[in-house]
Amino acid sequence: MIDLTGRTALVTGGARGIGKAIGLNLAREGADVAFVDVGRPEVAEATVAEIQGLGRRALYIPADVTDPDACVAAVAAVVEAFGKLDILVNNAGITRDDLIMRMSVENWKKVLEVNLFGAFYMTKAAIRPMLKARYGRIVNMASVSGQMGQAGQANYSASKAGLIALTKTTAREIGSRHITCNAVAPGFVMTELTKDMNPEILDYFLKMTPLARFGTTDDVANAVTFLVSEEASYITGQVLAVDGGMVMQ
Ligand SMILES: NC(=O)c1ccc[n+]([C@@H]2O[C@H](COP(=O)([O-])OP(=O)(O)OC[C@H]3O[C@@H](n4cnc5c(N)ncnc54)[C@H](O)[C@@H]3O)[C@@H](O)[C@H]2O)c1
């Protein structure tokens with residue numbers, strides 16, 4: 001049975017959507033949860049209240065993962081507040097979809113900066129206390145788009161594929177210190193990120209999904225919770241698909 005009592009976690013983009021579900025799930029299993037986010041403070045405060053409602057300590061850090069110094073400060077704030085950092089979930093992500101011919105260089109860079117560079121900055125900052133403690137769990141939020149590519153998502157798909165390579169490299173570099181690093185690759189999950197998607201694309205995703213439904217934020221959070229648990233202590237460098245069978249490797 002999963003038990004995260006005494007564990008502390010930092011979730012990026014944890015105010016809403018999948019990140020919020022992850023934070024709540026970890027708190028339900030006993031972990032204290034901090035999160036960074038750039039969204040509306042009132043949304044973040046509501047999430048803090050929900051985590052505290054589960055009897056756990058919660059910490060909201062208004063920080064942007066594209067700022068390396070802010071990432072270092074966020075990790076320091078968690079260690080200061082909770083005494084240590086056991087779990088890092090690099091979940092913050094954005095889309096700026098367009099076909100390559102029309103995609104602006106600015107939107108190409110922005111998505112890479114948030115989804116991939118942000119995860120690197122956070123990982124770099126978080127492994128310092130983890131190495132010292134000789135314990136850690138890192139989970140990176142990838143996507144089916146990073147595995148199979150997606151028309152209109154060159155920036156997003158490249159960022160998620162990069163995240164998978166970062167996951168494997170991190171796993172190889174720090175495995176000997178009992179720190180695991182894995183990725184979760186969700187299929188389609190209805191959130192603020194995806195709610196305005198073209199109905200034709202939604203239909204296409206559904207047809208490609210053997211389980212014939214979209215995923216929920218809890219489907220993804222459950223996979224993350226498993227990967228950060230003791231039960232997953234011999235699993236590292238893996239990509240766990242939570243996609244209803246869309247991508248089979
Ligand atoms: N929704 C899906 O179908 C789906 C599928 C596959 C992967 N994902 C991935 O799951 C993750 C969460 O997606 P979601 O659907 O919950 O999206 P969401 O937009 O609902 O939530 C993302 C959160 O990240 C925060 N954020 C954005 N940029 C940030 C930054 N620079 N620094 C700190 N926080 C930042 C946002 O404020 C927001 O709270 C993303 O990495 C996304 O790529 C989502």
# chains A, B, ... in the order shown; residues from 1 in each chain; ligands from 1
$ residues_around --residues "region 91-103 of chain A" --least-positions-apart "6" --cutoff "7 Å" --atoms "only C-alpha atoms" --output "JSON, numbers by chain"
{"A": [11, 12, 13, 19, 111, 114, 115, 140, 141, 151, 152, 153, 154, 156]}
$ write_last_selection --atoms "C-alpha atoms" --output "PDB file, in the first residue's frame"
ATOM      1  CA  VAL A  11       5.136  20.131  -7.949  1.00  0.00           C
ATOM      2  CA  THR A  12       5.641  22.696 -10.714  1.00  0.00           C
ATOM      3  CA  GLY A  13       2.480  24.129 -12.230  1.00  0.00           C
ATOM      4  CA  GLY A  19      -0.477  19.407 -11.253  1.00  0.00           C
ATOM      5  CA  VAL A 111       7.400  26.328 -25.183  1.00  0.00           C
ATOM      6  CA  VAL A 114       8.843  26.360 -20.011  1.00  0.00           C
ATOM      7  CA  ASN A 115       8.456  22.652 -20.743  1.00  0.00           C
ATOM      8  CA  ASN A 140       8.725  14.551 -15.495  1.00  0.00           C
ATOM      9  CA  MET A 141       5.435  15.205 -17.247  1.00  0.00           C
ATOM     10  CA  ALA A 151       0.971  18.025 -36.366  1.00  0.00           C
ATOM     11  CA  GLY A 152       0.766  21.621 -35.155  1.00  0.00           C
ATOM     12  CA  GLN A 153       2.863  20.906 -32.091  1.00  0.00           C
ATOM     13  CA  ALA A 154       6.501  20.970 -33.255  1.00  0.00           C
ATOM     14  CA  TYR A 156       5.495  21.037 -27.714  1.00  0.00           C
TER      15      TYR A 156
END
$ residues_around --residues "region 242-244 of chain A" --least-positions-apart "5" --cutoff "12 Å" --atoms "only C-alpha atoms" --output "mmCIF file with N, CA and C atoms, in the first residue's frame"
data_model
loop_
_atom_site.group_PDB
_atom_site.id
_atom_site.type_symbol
_atom_site.label_atom_id
_atom_site.label_comp_id
_atom_site.auth_asym_id
_atom_site.auth_seq_id
_atom_site.Cartn_x
_atom_site.Cartn_y
_atom_site.Cartn_z
ATOM 1 N N MET A 141 6.692 15.371 -16.523
ATOM 2 C CA MET A 141 5.435 15.205 -17.247
ATOM 3 C C MET A 141 5.677 15.311 -18.751
ATOM 4 N N ALA A 142 5.739 14.184 -19.408
ATOM 5 C CA ALA A 142 5.932 14.156 -20.865
ATOM 6 C C ALA A 142 4.558 14.186 -21.535
ATOM 7 N N SER A 143 4.424 13.524 -22.662
ATOM 8 C CA SER A 143 3.152 13.510 -23.386
ATOM 9 C C SER A 143 3.273 12.517 -24.538
ATOM 10 N N VAL A 144 2.131 12.007 -24.986
ATOM 11 C CA VAL A 144 2.161 11.171 -26.194
ATOM 12 C C VAL A 144 2.749 11.948 -27.377
ATOM 13 N N SER A 145 2.582 13.279 -27.359
ATOM 14 C CA SER A 145 3.120 14.100 -28.461
ATOM 15 C C SER A 145 4.640 13.996 -28.537
ATOM 16 N N GLN A 147 6.228 11.317 -27.888
ATOM 17 C CA GLN A 147 6.563 9.962 -28.338
ATOM 18 C C GLN A 147 6.259 9.764 -29.819
ATOM 19 N N ALA A 183 9.358 9.339 -16.285
ATOM 20 C CA ALA A 183 8.426 10.252 -16.956
ATOM 21 C C ALA A 183 7.054 9.599 -17.038
ATOM 22 N N VAL A 184 6.036 10.426 -17.042
ATOM 23 C CA VAL A 184 4.670 9.966 -17.303
ATOM 24 C C VAL A 184 4.249 10.624 -18.613
ATOM 25 N N ALA A 185 3.665 9.845 -19.498
ATOM 26 C CA ALA A 185 3.245 10.398 -20.793
ATOM 27 C C ALA A 185 1.728 10.276 -20.937
ATOM 28 N N PRO A 186 1.013 11.324 -20.556
ATOM 29 C CA PRO A 186 -0.446 11.257 -20.681
ATOM 30 C C PRO A 186 -0.887 11.361 -22.143
ATOM 31 N N GLY A 187 -2.050 10.777 -22.400
ATOM 32 C CA GLY A 187 -2.732 11.017 -23.683
ATOM 33 C C GLY A 187 -3.534 12.283 -23.514
ATOM 34 N N PHE A 188 -4.784 12.248 -23.943
ATOM 35 C CA PHE A 188 -5.590 13.467 -23.866
ATOM 36 C C PHE A 188 -6.347 13.551 -22.541
ATOM 37 N N VAL A 189 -6.144 14.666 -21.825
ATOM 38 C CA VAL A 189 -6.827 14.908 -20.551
ATOM 39 C C VAL A 189 -7.496 16.286 -20.646
ATOM 40 N N PHE A 205 -8.338 11.932 -31.533
ATOM 41 C CA PHE A 205 -7.685 11.347 -30.351
ATOM 42 C C PHE A 205 -8.488 10.182 -29.798
ATOM 43 N N LEU A 206 -9.818 10.372 -29.750
ATOM 44 C CA LEU A 206 -10.682 9.341 -29.183
ATOM 45 C C LEU A 206 -10.625 8.061 -30.021
ATOM 46 N N LYS A 207 -10.612 8.242 -31.330
ATOM 47 C CA LYS A 207 -10.548 7.086 -32.236
ATOM 48 C C LYS A 207 -9.223 6.342 -32.081
ATOM 49 N N MET A 208 -8.167 7.059 -31.705
ATOM 50 C CA MET A 208 -6.839 6.443 -31.549
ATOM 51 C C MET A 208 -6.652 5.795 -30.176
ATOM 52 N N THR A 209 -7.671 5.891 -29.318
ATOM 53 C CA THR A 209 -7.521 5.439 -27.929
ATOM 54 C C THR A 209 -8.296 4.135 -27.706
ATOM 55 N N PRO A 210 -7.590 2.995 -27.583
ATOM 56 C CA PRO A 210 -8.288 1.715 -27.398
ATOM 57 C C PRO A 210 -9.281 1.721 -26.243
ATOM 58 N N LEU A 211 -8.977 2.416 -25.155
ATOM 59 C CA LEU A 211 -9.912 2.425 -24.020
ATOM 60 C C LEU A 211 -11.092 3.384 -24.249
ATOM 61 N N ALA A 212 -11.106 4.062 -25.391
ATOM 62 C CA ALA A 212 -12.260 4.828 -25.871
ATOM 63 C C ALA A 212 -12.797 5.878 -24.905
ATOM 64 N N ARG A 213 -11.891 6.487 -24.162
ATOM 65 C CA ARG A 213 -12.276 7.663 -23.362
ATOM 66 C C ARG A 213 -11.049 8.534 -23.172
ATOM 67 N N PHE A 214 -11.303 9.793 -22.796
ATOM 68 C CA PHE A 214 -10.184 10.661 -22.461
ATOM 69 C C PHE A 214 -9.716 10.338 -21.050
ATOM 70 N N GLY A 215 -8.481 10.727 -20.745
ATOM 71 C CA GLY A 215 -7.964 10.502 -19.402
ATOM 72 C C GLY A 215 -8.490 11.561 -18.441
ATOM 73 N N THR A 216 -8.365 11.280 -17.156
ATOM 74 C CA THR A 216 -8.713 12.263 -16.133
ATOM 75 C C THR A 216 -7.419 12.716 -15.452
ATOM 76 N N THR A 217 -7.521 13.836 -14.757
ATOM 77 C CA THR A 217 -6.336 14.307 -14.030
ATOM 78 C C THR A 217 -5.923 13.282 -12.973
ATOM 79 N N ASP A 218 -6.910 12.585 -12.415
ATOM 80 C CA ASP A 218 -6.580 11.559 -11.414
ATOM 81 C C ASP A 218 -5.885 10.342 -12.035
ATOM 82 N N ASP A 219 -6.237 10.003 -13.271
ATOM 83 C CA ASP A 219 -5.525 8.898 -13.946
ATOM 84 C C ASP A 219 -4.020 9.195 -13.953
ATOM 85 N N VAL A 220 -3.683 10.446 -14.277
ATOM 86 C CA VAL A 220 -2.267 10.830 -14.350
ATOM 87 C C VAL A 220 -1.666 10.897 -12.943
ATOM 88 N N ALA A 221 -2.408 11.501 -12.023
ATOM 89 C CA ALA A 221 -1.898 11.653 -10.647
ATOM 90 C C ALA A 221 -1.632 10.289 -10.005
ATOM 91 N N ASN A 222 -2.482 9.314 -10.283
ATOM 92 C CA ASN A 222 -2.277 7.975 -9.706
ATOM 93 C C ASN A 222 -0.953 7.366 -10.168
ATOM 94 N N ALA A 223 -0.632 7.582 -11.444
ATOM 95 C CA ALA A 223 0.629 7.038 -11.985
ATOM 96 C C ALA A 223 1.826 7.728 -11.327
ATOM 97 N N VAL A 224 1.724 9.044 -11.161
ATOM 98 C CA VAL A 224 2.819 9.793 -10.518
ATOM 99 C C VAL A 224 2.994 9.313 -9.076
#
$ atom_distance --atom1 "CA of Met122 (chain A)" --atom2 "CA of Gly23 (chain A)"
16.7 Å
$ closest_residue --among "A:Arg56, A:Lys168, A:Lys195, A:Lys132" --to "ligand 1" --atoms "only C-alpha atoms and all ligand atoms"
A:Lys195
$ closest_residue --among "A:Leu112, A:Ile164, A:Ala126, A:Ala31" --to "Ala241 (chain A)" --atoms "only C-alpha atoms"
A:Ile164
$ select_by_dssp --residues "region 3-247 of chain A" --states "strand (DSSP E)" --output "number ranges by chain"
A: 8-12, 32-37, 58-62, 87-90, 136-141, 179-186, 239-242
$ residues_around --residues "Leu227 (chain A)" --least-positions-apart "2" --cutoff "10 Å" --atoms "only C-alpha atoms" --output "list in words"
Arg137, Ile138, Val139, Thr180, Cys181, Asn182, Ala183, Val184, Ala221, Asn222, Ala223, Val224, Thr225, Ser229, Glu230, Glu231, Ala232, Ser233, Tyr234, Ile235, Thr236, Gln238 and Leu240 of chain A
$ residues_around --residues "Ala76 (chain A)" --least-positions-apart "5" --cutoff "9 Å" --atoms "only C-alpha atoms" --output "PyMOL selection string"
chain A and resi 71+81+125-126
$ residues_around --residues "region 32-34 of chain A" --least-positions-apart "5" --cutoff "6 Å" --atoms "only C-alpha atoms" --output "PDB file with N, CA and C atoms, in the first residue's frame"
ATOM      1  N   THR A   8       8.144  14.910   1.480  1.00  0.00           N
ATOM      2  CA  THR A   8       7.823  16.268   1.066  1.00  0.00           C
ATOM      3  C   THR A   8       7.967  16.355  -0.444  1.00  0.00           C
ATOM      4  N   ALA A   9       7.069  17.126  -1.049  1.00  0.00           N
ATOM      5  CA  ALA A   9       7.042  17.171  -2.518  1.00  0.00           C
ATOM      6  C   ALA A   9       6.984  18.599  -3.027  1.00  0.00           C
ATOM      7  N   LEU A  10       7.555  18.787  -4.215  1.00  0.00           N
ATOM      8  CA  LEU A  10       7.446  20.061  -4.937  1.00  0.00           C
ATOM      9  C   LEU A  10       6.913  19.752  -6.332  1.00  0.00           C
ATOM     10  N   ALA A  27      -0.755  14.452  -1.185  1.00  0.00           N
ATOM     11  CA  ALA A  27      -1.176  14.854   0.167  1.00  0.00           C
ATOM     12  C   ALA A  27      -2.082  13.786   0.790  1.00  0.00           C
ATOM     13  N   ARG A  56      -2.407  18.159   5.559  1.00  0.00           N
ATOM     14  CA  ARG A  56      -0.989  18.224   5.229  1.00  0.00           C
ATOM     15  C   ARG A  56      -0.523  19.677   5.170  1.00  0.00           C
ATOM     16  N   ARG A  57       0.789  19.876   5.282  1.00  0.00           N
ATOM     17  CA  ARG A  57       1.340  21.216   5.101  1.00  0.00           C
ATOM     18  C   ARG A  57       1.372  21.535   3.599  1.00  0.00           C
ATOM     19  N   ALA A  58       1.061  22.801   3.291  1.00  0.00           N
ATOM     20  CA  ALA A  58       1.063  23.230   1.879  1.00  0.00           C
ATOM     21  C   ALA A  58       1.841  24.529   1.753  1.00  0.00           C
ATOM     22  N   LEU A  59       2.540  24.670   0.627  1.00  0.00           N
ATOM     23  CA  LEU A  59       3.315  25.892   0.399  1.00  0.00           C
ATOM     24  C   LEU A  59       3.188  26.290  -1.065  1.00  0.00           C
ATOM     25  N   TYR A  60       2.689  27.512  -1.279  1.00  0.00           N
ATOM     26  CA  TYR A  60       2.577  28.042  -2.645  1.00  0.00           C
ATOM     27  C   TYR A  60       3.721  29.016  -2.884  1.00  0.00           C
TER      28      TYR A  60
END
$ atom_distance --atom1 "CA of Phe82 (chain A)" --atom2 "CA of Glu50 (chain A)"
18.0 Å
$ select_by_dssp --residues "region 77-237 of chain A" --states "helix (DSSP H, G or I)" --output "PyMOL selection string"
chain A and resi 77-82+105-133+144-148+154-177+199-207+217-227+230-232
$ decode --residues "region 59-76 of chain A" --atoms "N, CA and C atoms" --output "PDB file, in the first residue's frame"
ATOM      1  N   LEU A  59       2.540  24.670   0.627  1.00  0.00           N
ATOM      2  CA  LEU A  59       3.315  25.892   0.399  1.00  0.00           C
ATOM      3  C   LEU A  59       3.188  26.290  -1.065  1.00  0.00           C
ATOM      4  N   TYR A  60       2.689  27.512  -1.279  1.00  0.00           N
ATOM      5  CA  TYR A  60       2.577  28.042  -2.645  1.00  0.00           C
ATOM      6  C   TYR A  60       3.721  29.016  -2.884  1.00  0.00           C
ATOM      7  N   ILE A  61       4.501  28.757  -3.916  1.00  0.00           N
ATOM      8  CA  ILE A  61       5.625  29.633  -4.267  1.00  0.00           C
ATOM      9  C   ILE A  61       5.336  30.232  -5.645  1.00  0.00           C
ATOM     10  N   PRO A  62       5.018  31.525  -5.685  1.00  0.00           N
ATOM     11  CA  PRO A  62       4.766  32.136  -6.990  1.00  0.00           C
ATOM     12  C   PRO A  62       6.083  32.292  -7.742  1.00  0.00           C
ATOM     13  N   ALA A  63       6.383  31.373  -8.610  1.00  0.00           N
ATOM     14  CA  ALA A  63       7.668  31.405  -9.322  1.00  0.00           C
ATOM     15  C   ALA A  63       7.502  30.859 -10.731  1.00  0.00           C
ATOM     16  N   ASP A  64       8.388  31.336 -11.596  1.00  0.00           N
ATOM     17  CA  ASP A  64       8.365  30.947 -13.005  1.00  0.00           C
ATOM     18  C   ASP A  64       9.512  29.962 -13.248  1.00  0.00           C
ATOM     19  N   VAL A  65       9.194  28.805 -13.782  1.00  0.00           N
ATOM     20  CA  VAL A  65      10.243  27.786 -13.960  1.00  0.00           C
ATOM     21  C   VAL A  65      11.256  28.162 -15.045  1.00  0.00           C
ATOM     22  N   THR A  66      10.977  29.205 -15.802  1.00  0.00           N
ATOM     23  CA  THR A  66      11.960  29.614 -16.821  1.00  0.00           C
ATOM     24  C   THR A  66      13.058  30.489 -16.227  1.00  0.00           C
ATOM     25  N   ASP A  67      12.941  30.773 -14.938  1.00  0.00           N
ATOM     26  CA  ASP A  67      13.954  31.601 -14.263  1.00  0.00           C
ATOM     27  C   ASP A  67      14.818  30.677 -13.381  1.00  0.00           C
ATOM     28  N   PRO A  68      16.058  30.414 -13.799  1.00  0.00           N
ATOM     29  CA  PRO A  68      16.907  29.465 -13.050  1.00  0.00           C
ATOM     30  C   PRO A  68      17.100  29.863 -11.585  1.00  0.00           C
ATOM     31  N   ASP A  69      17.252  31.171 -11.332  1.00  0.00           N
ATOM     32  CA  ASP A  69      17.453  31.614  -9.946  1.00  0.00           C
ATOM     33  C   ASP A  69      16.196  31.382  -9.111  1.00  0.00           C
ATOM     34  N   ALA A  70      15.039  31.600  -9.733  1.00  0.00           N
ATOM     35  CA  ALA A  70      13.768  31.372  -9.030  1.00  0.00           C
ATOM     36  C   ALA A  70      13.610  29.884  -8.689  1.00  0.00           C
ATOM     37  N   CYS A  71      14.123  29.014  -9.550  1.00  0.00           N
ATOM     38  CA  CYS A  71      14.042  27.567  -9.280  1.00  0.00           C
ATOM     39  C   CYS A  71      14.911  27.201  -8.073  1.00  0.00           C
ATOM     40  N   VAL A  72      16.112  27.777  -8.030  1.00  0.00           N
ATOM     41  CA  VAL A  72      16.997  27.541  -6.882  1.00  0.00           C
ATOM     42  C   VAL A  72      16.327  28.054  -5.603  1.00  0.00           C
ATOM     43  N   ALA A  73      15.735  29.239  -5.703  1.00  0.00           N
ATOM     44  CA  ALA A  73      15.071  29.831  -4.526  1.00  0.00           C
ATOM     45  C   ALA A  73      13.861  28.989  -4.104  1.00  0.00           C
ATOM     46  N   ALA A  74      13.134  28.443  -5.064  1.00  0.00           N
ATOM     47  CA  ALA A  74      11.946  27.633  -4.744  1.00  0.00           C
ATOM     48  C   ALA A  74      12.349  26.372  -3.980  1.00  0.00           C
ATOM     49  N   VAL A  75      13.408  25.724  -4.439  1.00  0.00           N
ATOM     50  CA  VAL A  75      13.883  24.521  -3.742  1.00  0.00           C
ATOM     51  C   VAL A  75      14.330  24.881  -2.321  1.00  0.00           C
ATOM     52  N   ALA A  76      15.043  26.006  -2.212  1.00  0.00           N
ATOM     53  CA  ALA A  76      15.504  26.455  -0.885  1.00  0.00           C
ATOM     54  C   ALA A  76      14.306  26.734   0.026  1.00  0.00           C
TER      55      ALA A  76
END
